[in-house]
Amino acid sequence: MSDGKLRWAIIGTGHIARKFASDLRFSKTGRLAAVGSRRAARATAFAEAMGGGVTGGETAAVLGRDDVDVVYVATPNGDHVNVALQVIAAGKPVLIEKPVAVSADEARTIREAAAAAELLAMEAMWILFTPGIVRLRSLLAEGRIGDPSNFNASLSYARPYREGDKLFDPRSGGALLDLGVYPIALAQNLFGAPDDTSGIAQRLGNGSVRQAALSLRFADRLATIACGFEAEGPNQAVVMGTRGFITTKGPLLCPPALAIRAKSPPGPYVPADDGQVEPLEKPSRLAALSNLRKLASAYRERLVMTPFVGTGLQYQADHFAECLRDGLTESPVHPMAASEAVLRTIEVVGRRG
Ligand SMILES: NC(=O)c1ccc[n+]([C@@H]2O[C@H](COP(=O)([O-])OP(=O)(O)OC[C@H]3O[C@@H](n4cnc5c(N)ncnc54)[C@H](OP(=O)(O)O)[C@@H]3O)[C@@H](O)[C@H]2O)c1
């Protein structure tokens, strides 16, 4: 760590591995040091393309290296549990692509192995660390829309079925595991683990989930969520509270802006000294116009810009580094128990397809 930055290894050389490698260039805390693959030649080619002294090798060799501090697992969903356990056995903290595993039981296995080894393990639920969602949490905490009671989100892209594509694998693919995890994780991040889950999934001929609709109850709060491979959706989240609502603008996974529409808090009611009710007067046209303006401005939409650089995958890596700096073995924002809870929610809905 000669430059004080965490040295990352990526396991896997596919689509998201490349994006993460590219975004790490914007990280304040880390840099790419190594790439691991099932085939050394593929890792070497990836590393050479990255430049900057990055080296490649077979996964086991990379995990054994002293010049690797932390590992990001970017392999297909069905392999996450095995690769994560391999990383933990090698004594390294691990950031695992979403979904962290393909069942809640597998997620628990990772959580328990990391806890026993006193190592940080976290699902790469990057949406929760983007500037847009960090700002959403702070606006809610400031009470900008009063008491939040309702969450609604969709994440849906039209993806034509292709035989053999892992996206449509009945065990490790499907719309709930590929897309649903994001809005469910966001709802649970804002409101906690649900007390009650209901929903329904529609399946393709091979048994994988093509679309799903969910309702979650959290004490006195509710969330409704849709996800699917059938349609291009609005792909946004809305949080509603007693004074208004906040909507994500632009891509949900890394929103570049938020829109707030909130009423000003009502002034206190002050009765007349003598307790008499004032007679109502017909307002003048001018007073009516001014009232209308006040009403409109009370509901005016305010745009809060939440700019980011790159794709935005680096913010989760910086959070991971902060956890390590603070000696944590669980993220306070997205602990492994939260990932496990998301998969349990998915399992409840998946059973009703
Ligand atoms: N955060 C996001 O926005 C986002 C976006 C897309 C995907 N993801 C997640 O990232 C993970 C990887 O997705 P991807 O789209 O990057 O997949 P991909 O393009 O297929 O890449 C996966 C890589 O994993 C390695 N691998 C190891 N075992 C494998 C196996 N049994 N079959 C195939 N490849 C294997 C391969 O690298 P080697 O051949 O070099 O071993 C392959 O290049 C998934 O969990 C997915 O859900 C996240």
# chains A, B, ... in the order shown; residues from 1 in each chain; ligands from 1
>>> residues_around(residues="Gln314 of chain A", least_positions_apart="3", cutoff="12 Å", atoms="only C-alpha atoms", output="count of residues only")
35
>>> residues_near_ligand(ligand="ligand 1", cutoff="7 Å", atoms="only C-alpha atoms and all ligand atoms", output="PyMOL selection string")
chain A and resi 12-17+36-39+42-43+74-77+79+97-99+124+126+178
>>> write_last_selection(atoms="C-alpha atoms", output="PDB file, in the first residue's frame")
ATOM      1  CA  GLY A  12     -13.841 -12.427 -13.059  1.00  0.00           C
ATOM      2  CA  THR A  13     -13.115 -10.686 -16.337  1.00  0.00           C
ATOM      3  CA  GLY A  14     -16.621 -10.003 -17.649  1.00  0.00           C
ATOM      4  CA  HIS A  15     -18.908  -7.014 -18.120  1.00  0.00           C
ATOM      5  CA  ILE A  16     -19.137  -5.650 -14.563  1.00  0.00           C
ATOM      6  CA  ALA A  17     -15.486  -6.467 -13.783  1.00  0.00           C
ATOM      7  CA  GLY A  36      -8.092 -13.231 -11.190  1.00  0.00           C
ATOM      8  CA  SER A  37      -9.713 -15.580 -13.667  1.00  0.00           C
ATOM      9  CA  ARG A  38     -10.377 -19.252 -14.299  1.00  0.00           C
ATOM     10  CA  ARG A  39      -7.800 -18.842 -17.082  1.00  0.00           C
ATOM     11  CA  ARG A  42      -7.619 -13.982 -19.760  1.00  0.00           C
ATOM     12  CA  ALA A  43      -6.654 -12.223 -16.534  1.00  0.00           C
ATOM     13  CA  ALA A  74     -17.544 -10.296 -10.199  1.00  0.00           C
ATOM     14  CA  THR A  75     -18.445 -13.843 -11.230  1.00  0.00           C
ATOM     15  CA  PRO A  76     -21.955 -15.132 -12.118  1.00  0.00           C
ATOM     16  CA  ASN A  77     -24.559 -15.260  -9.322  1.00  0.00           C
ATOM     17  CA  ASP A  79     -20.636 -18.875  -8.164  1.00  0.00           C
ATOM     18  CA  GLU A  97     -21.544  -8.573  -6.635  1.00  0.00           C
ATOM     19  CA  LYS A  98     -25.324  -8.588  -6.307  1.00  0.00           C
ATOM     20  CA  PRO A  99     -27.195 -10.742  -5.564  1.00  0.00           C
ATOM     21  CA  ALA A 124     -21.883  -4.746  -3.812  1.00  0.00           C
ATOM     22  CA  TRP A 126     -23.811   0.065  -5.136  1.00  0.00           C
ATOM     23  CA  ASP A 178     -31.149  -9.658 -11.271  1.00  0.00           C
TER      24      ASP A 178
END
>>> atom_distance(atom1="atom CA of Cys227 of chain A", atom2="atom CA of Val73 of chain A")
24.4 Å
>>> residues_around(residues="Leu176 of chain A", least_positions_apart="4", cutoff="7 Å", atoms="only C-alpha atoms", output="PDB file with N, CA and C atoms, in the first residue's frame")
ATOM      1  N   GLY A 180     -34.850  -7.116  -9.077  1.00  0.00           N
ATOM      2  CA  GLY A 180     -35.642  -6.869  -7.869  1.00  0.00           C
ATOM      3  C   GLY A 180     -34.798  -6.589  -6.635  1.00  0.00           C
ATOM      4  N   VAL A 181     -33.608  -7.188  -6.571  1.00  0.00           N
ATOM      5  CA  VAL A 181     -32.749  -6.981  -5.384  1.00  0.00           C
ATOM      6  C   VAL A 181     -32.507  -5.490  -5.113  1.00  0.00           C
ATOM      7  N   VAL A 209     -38.039 -16.360 -13.269  1.00  0.00           N
ATOM      8  CA  VAL A 209     -39.008 -15.275 -13.042  1.00  0.00           C
ATOM      9  C   VAL A 209     -38.881 -14.225 -14.140  1.00  0.00           C
ATOM     10  N   ALA A 212     -42.299  -9.600 -11.519  1.00  0.00           N
ATOM     11  CA  ALA A 212     -42.845  -9.818 -10.183  1.00  0.00           C
ATOM     12  C   ALA A 212     -43.345  -8.506  -9.604  1.00  0.00           C
ATOM     13  N   CYS A 227     -40.649  -5.471 -10.697  1.00  0.00           N
ATOM     14  CA  CYS A 227     -39.424  -5.681 -11.470  1.00  0.00           C
ATOM     15  C   CYS A 227     -39.741  -6.660 -12.585  1.00  0.00           C
ATOM     16  N   ILE A 346     -37.313 -12.229  -1.421  1.00  0.00           N
ATOM     17  CA  ILE A 346     -37.413 -12.787  -2.775  1.00  0.00           C
ATOM     18  C   ILE A 346     -37.929 -14.227  -2.738  1.00  0.00           C
TER      19      ILE A 346
END
>>> select_by_dssp(residues="segment 49-295 of chain A", states="alpha helix (DSSP H)", output="PyMOL selection string")
chain A and resi 49-50+59-63+80-89+104-116+131-141+175+181-191+285-295
>>> select_by_dssp(residues="segment 37-156 of chain A", states="strand (DSSP E)", output="PyMOL selection string")
chain A and resi 37+55-58+70-73+94-96+121-123+148-156
>>> residues_around(residues="Gln236 of chain A", least_positions_apart="6", cutoff="9 Å", atoms="only C-alpha atoms", output="list in words")
Asn152, Ala153, Ser154, Leu155, Thr247, Thr248, Lys249, Gly250, Pro251, Leu252, Leu253 and Pro255 of chain A
>>> closest_residue(among="A:Glu142, A:Asp220, A:Asp147, A:Glu301", to="Gly241 of chain A", atoms="only C-alpha atoms")
A:Asp147
>>> closest_residue(among="A:Ile96, A:Leu214, A:Val54, A:Ala33", to="Phe151 of chain A", atoms="only C-alpha atoms")
A:Leu214
>>> closest_residue(among="A:Leu204, A:Ile246, A:Ala116, A:Val349", to="Ile225 of chain A", atoms="only C-alpha atoms")
A:Val349
>>> closest_residue(among="A:Asp169, A:Leu186, A:Ser290, A:Ser156", to="Pro234 of chain A", atoms="only C-alpha atoms")
A:Ser156
>>> atom_distance(atom1="atom CA of Gly56 of chain A", atom2="atom CA of Ala34 of chain A")
5.5 Å
>>> closest_residue(among="A:Lys5, A:Arg135, A:Arg344, A:Arg162", to="Leu177 of chain A", atoms="only C-alpha atoms")
A:Arg344
>>> residues_around(residues="Asp69 of chain A", least_positions_apart="5", cutoff="9 Å", atoms="only C-alpha atoms", output="list in words")
Met1, Leu6, Arg7, Trp8, Ala9, Lys92 and Pro93 of chain A
>>> closest_residue(among="A:Pro256, A:Pro160, A:Ala219, A:Ser208", to="Ala231 of chain A", atoms="only C-alpha atoms")
A:Pro160
>>> residues_around(residues="Val348 of chain A", least_positions_apart="2", cutoff="8 Å", atoms="only C-alpha atoms", output="number ranges by chain")
A: 197-199, 344-346, 350-352
>>> write_last_selection(atoms="all heavy atoms", output="CSV table (one decimal), in the first residue's frame")
chain,number,residue,atom,x,y,z
A,197,THR,N,-44.4,-9.8,4.0
A,197,THR,CA,-44.1,-9.7,2.6
A,197,THR,C,-45.1,-10.5,1.8
A,197,THR,O,-45.5,-11.6,2.2
A,197,THR,CB,-42.7,-10.4,2.3
A,197,THR,OG1,-41.7,-9.8,3.0
A,197,THR,CG2,-42.4,-10.4,0.8
A,198,SER,N,-45.7,-9.9,0.8
A,198,SER,CA,-46.5,-10.6,-0.1
A,198,SER,C,-46.2,-10.2,-1.6
A,198,SER,O,-45.5,-9.2,-1.8
A,198,SER,CB,-48.0,-10.4,0.2
A,198,SER,OG,-48.3,-9.1,0.0
A,199,GLY,N,-46.6,-11.0,-2.5
A,199,GLY,CA,-46.3,-10.7,-3.9
A,199,GLY,C,-46.5,-11.9,-4.8
A,199,GLY,O,-46.9,-13.0,-4.3
A,344,ARG,N,-34.5,-13.4,1.5
A,344,ARG,CA,-35.7,-14.1,2.1
A,344,ARG,C,-37.0,-13.5,1.5
A,344,ARG,O,-37.9,-14.2,1.3
A,344,ARG,CB,-35.7,-13.9,3.7
A,344,ARG,CG,-34.6,-14.7,4.3
A,344,ARG,CD,-34.9,-15.2,5.7
A,344,ARG,NE,-33.7,-15.8,6.3
A,344,ARG,CZ,-33.2,-17.0,5.9
A,344,ARG,NH1,-33.8,-17.8,5.0
A,344,ARG,NH2,-32.1,-17.4,6.5
A,345,THR,N,-37.0,-12.2,1.3
A,345,THR,CA,-38.2,-11.5,0.7
A,345,THR,C,-38.4,-12.1,-0.7
A,345,THR,O,-39.5,-12.5,-1.0
A,345,THR,CB,-37.9,-10.0,0.6
A,345,THR,OG1,-37.8,-9.5,1.9
A,345,THR,CG2,-39.0,-9.3,-0.1
A,346,ILE,N,-37.3,-12.2,-1.4
A,346,ILE,CA,-37.4,-12.8,-2.8
A,346,ILE,C,-37.9,-14.2,-2.7
A,346,ILE,O,-38.8,-14.6,-3.6
A,346,ILE,CB,-36.0,-12.7,-3.5
A,346,ILE,CG1,-35.8,-11.2,-3.9
A,346,ILE,CG2,-35.9,-13.6,-4.7
A,346,ILE,CD1,-34.5,-10.9,-4.5
A,350,GLY,N,-41.0,-15.6,-4.7
A,350,GLY,CA,-40.7,-16.6,-5.7
A,350,GLY,C,-41.5,-17.9,-5.5
A,350,GLY,O,-41.8,-18.6,-6.4
A,351,ARG,N,-41.9,-18.2,-4.2
A,351,ARG,CA,-42.6,-19.4,-3.9
A,351,ARG,C,-44.1,-19.3,-4.5
A,351,ARG,O,-44.7,-20.3,-4.6
A,351,ARG,CB,-42.7,-19.6,-2.4
A,351,ARG,CG,-41.5,-20.4,-1.9
A,351,ARG,CD,-41.8,-21.0,-0.5
A,351,ARG,NE,-41.9,-20.0,0.5
A,351,ARG,CZ,-40.9,-19.5,1.2
A,351,ARG,NH1,-39.7,-19.9,1.0
A,351,ARG,NH2,-41.1,-18.7,2.2
A,352,ARG,N,-44.5,-18.0,-4.7
A,352,ARG,CA,-45.9,-17.8,-5.1
A,352,ARG,C,-46.0,-17.5,-6.6
A,352,ARG,O,-46.6,-16.6,-7.0
A,352,ARG,CB,-46.5,-16.6,-4.4
A,352,ARG,CG,-46.6,-16.8,-2.9
A,352,ARG,CD,-47.7,-16.0,-2.3
A,352,ARG,NE,-49.0,-16.3,-2.9
A,352,ARG,CZ,-49.8,-15.4,-3.3
A,352,ARG,NH1,-49.5,-14.1,-3.2
A,352,ARG,NH2,-51.0,-15.7,-3.9
>>> residues_around(residues="Tyr161 of chain A", least_positions_apart="2", cutoff="12 Å", atoms="only C-alpha atoms", output="MDAnalysis selection string")
chainID A and resid 158:159 163:169 173:175 203:206 208:210 229:230
